[in-house]
file coords.cif (mmCIF, C-alpha atoms)
data_input
loop_
_atom_site.group_PDB
_atom_site.id
_atom_site.type_symbol
_atom_site.label_atom_id
_atom_site.label_comp_id
_atom_site.auth_asym_id
_atom_site.auth_seq_id
_atom_site.Cartn_x
_atom_site.Cartn_y
_atom_site.Cartn_z
ATOM 1 C CA MET V 286 -68.005 -29.404 52.330
ATOM 2 C CA ARG V 287 -66.314 -26.380 51.128
ATOM 3 C CA HIS V 288 -64.670 -25.911 54.489
ATOM 4 C CA THR V 289 -63.179 -29.397 54.418
ATOM 5 C CA SER V 290 -61.868 -28.943 50.914
ATOM 6 C CA ASP V 291 -60.166 -25.661 51.842
ATOM 7 C CA MET V 292 -58.722 -27.241 54.933
ATOM 8 C CA THR V 293 -57.351 -30.162 52.924
ATOM 9 C CA LYS V 294 -55.702 -27.802 50.463
ATOM 10 C CA PHE V 295 -54.235 -25.823 53.309
ATOM 11 C CA LEU V 296 -52.810 -28.946 54.952
ATOM 12 C CA VAL V 297 -51.329 -30.133 51.631
ATOM 13 C CA VAL V 298 -49.577 -26.771 51.126
ATOM 14 C CA ILE V 299 -48.212 -26.773 54.695
ATOM 15 C CA PHE V 300 -47.034 -30.382 54.359
ATOM 16 C CA SER V 301 -45.288 -29.583 51.061
ATOM 17 C CA CYS V 302 -43.509 -26.588 52.616
ATOM 18 C CA VAL V 303 -42.315 -28.708 55.565
ATOM 19 C CA ILE V 304 -40.914 -31.375 53.219
ATOM 20 C CA LEU V 305 -39.135 -28.756 51.105
ATOM 21 C CA ALA V 306 -37.699 -27.055 54.166
ATOM 22 C CA ALA V 307 -36.464 -30.341 55.591
ATOM 23 C CA GLY V 308 -34.786 -31.248 52.314
ATOM 24 C CA ALA V 309 -33.107 -27.848 52.039
ATOM 25 C CA CYS V 310 -31.581 -28.068 55.472
ATOM 26 C CA HIS V 311 -29.833 -31.277 54.688
ATOM 27 C CA LYS V 312 -26.112 -30.535 54.132
ATOM 28 C CA ARG V 313 -24.269 -32.404 51.477
ATOM 29 C CA ARG V 314 -20.739 -33.489 52.102
ATOM 30 C CA GLU V 315 -18.129 -32.521 49.553
ATOM 31 C CA VAL V 316 -15.891 -35.279 48.353
ATOM 32 C CA VAL V 317 -12.258 -34.216 48.378
ATOM 33 C CA VAL V 318 -9.977 -36.095 46.024
ATOM 34 C CA THR V 319 -6.276 -35.777 46.690
ATOM 35 C CA PRO V 320 -4.021 -35.722 43.638
ATOM 36 C CA PRO V 321 -1.642 -38.640 43.267
ATOM 37 C CA GLN V 322 1.819 -38.069 44.622
ATOM 38 C CA ALA V 323 4.578 -37.409 42.120
ATOM 39 C CA PRO V 324 7.088 -40.204 41.770
ATOM 40 C CA PRO V 325 10.434 -39.522 43.397
ATOM 41 C CA PRO V 326 13.040 -37.918 41.056
ATOM 42 C CA VAL V 327 15.362 -40.238 39.227
ATOM 43 C CA ILE V 328 19.008 -39.297 39.573
ATOM 44 C CA VAL V 329 21.227 -40.455 36.750
ATOM 45 C CA ARG V 330 24.954 -40.319 37.141
ATOM 46 C CA VAL V 331 26.784 -38.615 34.259
ATOM 47 C CA ASP V 332 30.408 -39.538 33.843
ATOM 48 C CA ALA V 333 31.161 -36.970 31.136
ATOM 49 C CA PRO V 334 32.273 -33.500 32.260
ATOM 50 C CA VAL V 335 29.728 -30.723 31.753
ATOM 51 C CA PRO V 336 31.202 -27.852 29.697
ATOM 52 C CA LEU V 337 31.145 -24.398 31.209
ATOM 53 C CA TYR V 338 29.872 -21.701 28.857
ATOM 54 C CA SER V 339 31.310 -18.236 29.033
ATOM 55 C CA PRO V 340 29.985 -15.091 27.375
ATOM 56 C CA VAL V 341 31.260 -14.041 23.946
ATOM 57 C CA PRO V 342 34.387 -11.948 24.357
ATOM 58 C CA ALA V 343 33.964 -8.263 23.623
ATOM 59 C CA TYR V 344 36.941 -8.139 21.250
ATOM 60 C CA LEU V 345 35.135 -10.034 18.470
ATOM 61 C CA PRO V 346 33.977 -7.654 15.721
ATOM 62 C CA ALA V 347 30.302 -7.461 14.909
ATOM 63 C CA VAL V 348 29.350 -8.831 11.514
ATOM 64 C CA VAL V 349 28.746 -5.862 9.258
ATOM 65 C CA PHE V 350 27.742 -6.364 5.677
ATOM 66 C CA PRO V 351 28.574 -3.618 3.218
ATOM 67 C CA PRO V 352 25.555 -1.774 1.837
ATOM 68 C CA ALA V 353 24.267 -2.832 -1.546
ATOM 69 C CA PRO V 354 25.665 -0.812 -4.449
ATOM 70 C CA GLY V 355 23.656 2.358 -4.877
ATOM 71 C CA ALA V 356 21.793 2.018 -1.572
ATOM 72 C CA GLN V 357 22.824 5.469 -0.432
ATOM 73 C CA GLU V 358 21.832 7.040 -3.764
ATOM 74 C CA ARG V 359 18.475 5.268 -3.640
ATOM 75 C CA GLU V 360 17.835 6.444 -0.090
ATOM 76 C CA GLN V 361 18.668 10.057 -1.005
ATOM 77 C CA ALA V 362 16.542 9.851 -4.156
ATOM 78 C CA ASP V 363 13.591 8.451 -2.178
ATOM 79 C CA ARG V 364 13.839 11.290 0.347
ATOM 80 C CA ALA V 365 14.008 13.876 -2.454
ATOM 81 C CA PHE V 366 11.040 12.268 -4.249
ATOM 82 C CA THR V 367 8.955 12.279 -1.062
ATOM 83 C CA ALA V 368 9.879 15.929 -0.451
ATOM 84 C CA GLY V 369 8.894 16.878 -4.010
ATOM 85 C CA SER V 370 12.455 17.770 -5.099
ATOM 86 C CA TYR V 371 12.095 15.985 -8.421
ATOM 87 C CA ASP V 372 15.309 17.263 -10.046
ATOM 88 C CA GLU V 373 17.331 15.948 -7.107
ATOM 89 C CA ALA V 374 15.346 12.700 -7.178
ATOM 90 C CA ILE V 375 16.115 12.285 -10.899
ATOM 91 C CA GLN V 376 19.848 12.577 -10.247
ATOM 92 C CA GLY V 377 19.699 10.071 -7.378
ATOM 93 C CA TYR V 378 17.621 7.499 -9.272
ATOM 94 C CA GLU V 379 19.831 7.768 -12.360
ATOM 95 C CA LYS V 380 22.950 7.142 -10.224
ATOM 96 C CA PHE V 381 21.233 4.246 -8.477
ATOM 97 C CA LEU V 382 20.202 2.630 -11.751
ATOM 98 C CA MET V 383 23.782 2.836 -13.071
ATOM 99 C CA VAL V 384 25.292 0.838 -10.178
ATOM 100 C CA SER V 385 22.534 -1.387 -8.801
ATOM 101 C CA ALA V 386 21.854 -5.030 -9.522
ATOM 102 C CA PRO V 387 18.616 -5.939 -11.348
ATOM 103 C CA GLU V 388 16.994 -7.417 -8.220
ATOM 104 C CA ASP V 389 17.733 -4.435 -5.948
ATOM 105 C CA GLY V 390 14.473 -2.532 -6.408
ATOM 106 C CA ARG V 391 15.211 -1.207 -9.873
ATOM 107 C CA GLY V 392 11.567 -1.509 -10.953
ATOM 108 C CA GLU V 393 10.378 0.884 -8.268
ATOM 109 C CA ALA V 394 13.308 3.204 -8.983
ATOM 110 C CA LEU V 395 12.372 3.285 -12.690
ATOM 111 C CA PHE V 396 8.754 4.060 -11.806
ATOM 112 C CA ARG V 397 9.718 6.892 -9.466
ATOM 113 C CA LEU V 398 12.232 8.216 -11.990
ATOM 114 C CA ALA V 399 9.479 8.386 -14.618
ATOM 115 C CA LEU V 400 7.175 10.167 -12.166
ATOM 116 C CA SER V 401 9.961 12.596 -11.320
ATOM 117 C CA TYR V 402 10.404 13.423 -15.016
ATOM 118 C CA ALA V 403 6.674 14.021 -15.351
ATOM 119 C CA LEU V 404 6.149 15.951 -12.099
ATOM 120 C CA ARG V 405 8.875 18.559 -12.334
ATOM 121 C CA SER V 406 7.377 21.705 -10.883
ATOM 122 C CA ASN V 407 9.039 24.324 -13.054
ATOM 123 C CA ARG V 408 7.143 23.401 -16.249
ATOM 124 C CA ASP V 409 10.201 21.496 -17.431
ATOM 125 C CA SER V 410 8.370 18.197 -17.275
ATOM 126 C CA ASP V 411 9.953 15.789 -19.695
ATOM 127 C CA TRP V 412 7.206 13.487 -20.913
ATOM 128 C CA GLN V 413 9.409 11.916 -23.560
ATOM 129 C CA ARG V 414 11.869 10.684 -20.913
ATOM 130 C CA ALA V 415 9.008 9.684 -18.606
ATOM 131 C CA ARG V 416 7.435 7.670 -21.444
ATOM 132 C CA THR V 417 10.768 5.984 -22.270
ATOM 133 C CA THR V 418 11.403 5.120 -18.615
ATOM 134 C CA LEU V 419 7.911 3.669 -18.122
ATOM 135 C CA LYS V 420 8.315 1.544 -21.257
ATOM 136 C CA GLN V 421 11.673 0.333 -19.899
ATOM 137 C CA LEU V 422 9.934 -0.658 -16.634
ATOM 138 C CA ILE V 423 7.263 -2.583 -18.549
ATOM 139 C CA ASP V 424 9.836 -4.339 -20.761
ATOM 140 C CA GLU V 425 12.386 -5.237 -18.067
ATOM 141 C CA TYR V 426 9.923 -6.076 -15.264
ATOM 142 C CA PRO V 427 6.745 -7.451 -16.896
ATOM 143 C CA ASN V 428 5.601 -9.101 -13.633
ATOM 144 C CA SER V 429 6.082 -5.977 -11.521
ATOM 145 C CA SER V 430 3.168 -4.695 -9.457
ATOM 146 C CA LEU V 431 4.000 -1.269 -10.922
ATOM 147 C CA LYS V 432 3.310 -2.368 -14.498
ATOM 148 C CA PRO V 433 -0.471 -1.652 -14.382
ATOM 149 C CA PRO V 434 -0.051 1.936 -13.100
ATOM 150 C CA ALA V 435 2.703 2.488 -15.691
ATOM 151 C CA VAL V 436 0.377 1.303 -18.465
ATOM 152 C CA VAL V 437 -2.401 3.590 -17.173
ATOM 153 C CA ILE V 438 -0.057 6.594 -17.138
ATOM 154 C CA LEU V 439 1.149 5.865 -20.683
ATOM 155 C CA THR V 440 -2.431 5.422 -21.933
ATOM 156 C CA LEU V 441 -3.682 8.624 -20.312
ATOM 157 C CA ARG V 442 -0.733 10.609 -21.636
ATOM 158 C CA SER V 443 -1.315 9.239 -25.125
ATOM 159 C CA GLN V 444 -4.977 10.248 -24.927
ATOM 160 C CA ALA V 445 -4.032 13.708 -23.650
ATOM 161 C CA ASP V 446 -1.566 14.140 -26.539
ATOM 162 C CA GLU V 447 -4.272 13.076 -29.005
ATOM 163 C CA LEU V 448 -6.763 15.548 -27.539
ATOM 164 C CA SER V 449 -4.136 18.264 -27.569
ATOM 165 C CA GLY V 450 -3.515 17.511 -31.252
ATOM 166 C CA ASN V 451 -7.253 17.756 -31.898
ATOM 167 C CA ILE V 452 -7.359 21.123 -30.145
ATOM 168 C CA LYS V 453 -4.447 22.376 -32.234
ATOM 169 C CA ALA V 454 -6.132 21.139 -35.411
ATOM 170 C CA ARG V 455 -9.361 22.833 -34.336
ATOM 171 C CA GLU V 456 -7.549 26.095 -33.610
ATOM 172 C CA GLN V 457 -5.833 25.908 -36.985
ATOM 173 C CA ALA V 458 -9.166 25.244 -38.727
ATOM 174 C CA ILE V 459 -10.729 28.203 -36.902
ATOM 175 C CA LYS V 460 -7.800 30.376 -37.954
ATOM 176 C CA GLN V 461 -8.194 29.237 -41.593
ATOM 177 C CA LEU V 462 -11.942 29.856 -41.392
ATOM 178 C CA SER V 463 -11.369 33.340 -40.004
ATOM 179 C CA THR V 464 -8.848 34.077 -42.753
ATOM 180 C CA GLU V 465 -11.258 32.794 -45.407
ATOM 181 C CA LEU V 466 -14.116 34.846 -43.947
ATOM 182 C CA GLU V 467 -11.951 37.971 -43.981
ATOM 183 C CA ARG V 468 -10.974 37.240 -47.603
ATOM 184 C CA LEU V 469 -14.628 36.720 -48.599
ATOM 185 C CA LYS V 470 -15.606 39.855 -46.728
ATOM 186 C CA GLN V 471 -12.944 41.780 -48.631
ATOM 187 C CA ILE V 472 -14.145 40.334 -51.958
ATOM 188 C CA ASP V 473 -17.706 41.290 -51.080
ATOM 189 C CA ALA V 474 -16.569 44.771 -50.101
ATOM 190 C CA ASP V 475 -14.639 45.104 -53.373
ATOM 191 C CA ARG V 476 -17.718 44.009 -55.348
ATOM 192 C CA GLY V 477 -19.787 46.607 -53.614
ATOM 193 C CA ARG V 478 -17.379 49.311 -54.766
ATOM 194 C CA VAL V 479 -17.489 48.054 -58.340
ATOM 195 C CA PHE V 480 -21.278 48.134 -58.495
ATOM 196 C CA ALA V 481 -21.619 51.445 -56.677
ATOM 197 C CA PRO V 482 -22.998 54.291 -58.919
#

call {"tool": "encode", "arguments": {"input": "coords.cif", "output": "structure tokens"}}
result
Amino acid sequence: MRHTSDMTKFLVVIFSCVILAAGACHKRREVVVTPPQAPPPVIVRVDAPVPLYSPVPAYLPAVVFPPAPGAQEREQADRAFTAGSYDEAIQGYEKFLMVSAPEDGRGEALFRLALSYALRSNRDSDWQRARTTLKQLIDEYPNSSLKPPAVVILTLRSQADELSGNIKAREQAIKQLSTELERLKQIDADRGRVFAP
């Protein structure tokens, strides 16, 4: 019985392989669809003459707008500021601010002018002018993106001045204490001489 069962299984496998092989050999035909033909072009008669365009003559001047007032001063001041030449930058920004219109970047020029006053390298920094210029920026351009950094600079400088004042007061108190100690020491020394036998 076992032999018949194995033979049946074998025949089923062979039969299945033959059916699969026969189905795989069958070629399918591809369907080719041709695109529709384009309609013939429509020719419309135009009675009006077609203008001929020619290039722009070379003798026409190019449109050149004059630079904004103070643009050259601002450019020179910006270069000096970037290079760290703060005295030169101060001169350029001051000239620019005298001749420029309010909407021509004056807020940024005021900010850089204040920084130039504060960053002078030869210990001639002018914090009073820097403070005045930053306050002018805040007052004239309250919606400027440079207002927050200006406020931070003013706040930090105020705190530094307060701490400096505290240090000076401390030094003065130490000096007074030293003077008082010397005076008391002298009094004590004088007492010792009085009570000496």

call {"tool": "residues_around", "arguments": {"input": "coords.cif", "residues": "V:Gly355", "least_positions_apart": "6", "cutoff": "8 Å", "atoms": "only C-alpha atoms", "output": "PyMOL selection string"}}
result
chain V and resi 380-382+384-385

call {"tool": "atom_distance", "arguments": {"input": "coords.cif", "atom1": "atom CA of V:Asp446", "atom2": "atom CA of V:Ala365"}}
result
28.7 Å

call {"tool": "residues_around", "arguments": {"input": "coords.cif", "residues": "V:Asp411", "least_positions_apart": "2", "cutoff": "12 Å", "atoms": "all atoms listed in the file", "output": "ChimeraX atom specification"}}
result
/V:371-372,375,398-409,413-418

call {"tool": "closest_residue", "arguments": {"input": "coords.cif", "among": "V:Trp412, V:Ala458, V:Ala374, V:Leu422", "to": "V:Leu441", "atoms": "only C-alpha atoms"}}
result
V:Trp412

call {"tool": "resolve_selection", "arguments": {"input": "coords.cif", "expression": "the PyMOL selection byres ((chain V and resi 426) around 12)", "output": "ChimeraX atom specification"}}
result
/V:387-388,390-396,418-425,427-433,435

call {"tool": "axis_aligned_box", "arguments": {"input": "coords.cif", "around": "stretch 377-382 of chain V", "padding_each_side": "4 Å", "output": "lines of an AutoDock Vina configuration file"}}
result
center_x = 20.3
center_y = 6.4
center_z = -9.9
size_x = 13.3
size_y = 15.4
size_z = 13.0

call {"tool": "atom_distance", "arguments": {"input": "coords.cif", "atom1": "atom CA of V:Glu360", "atom2": "atom CA of V:Glu379"}}
result
12.5 Å
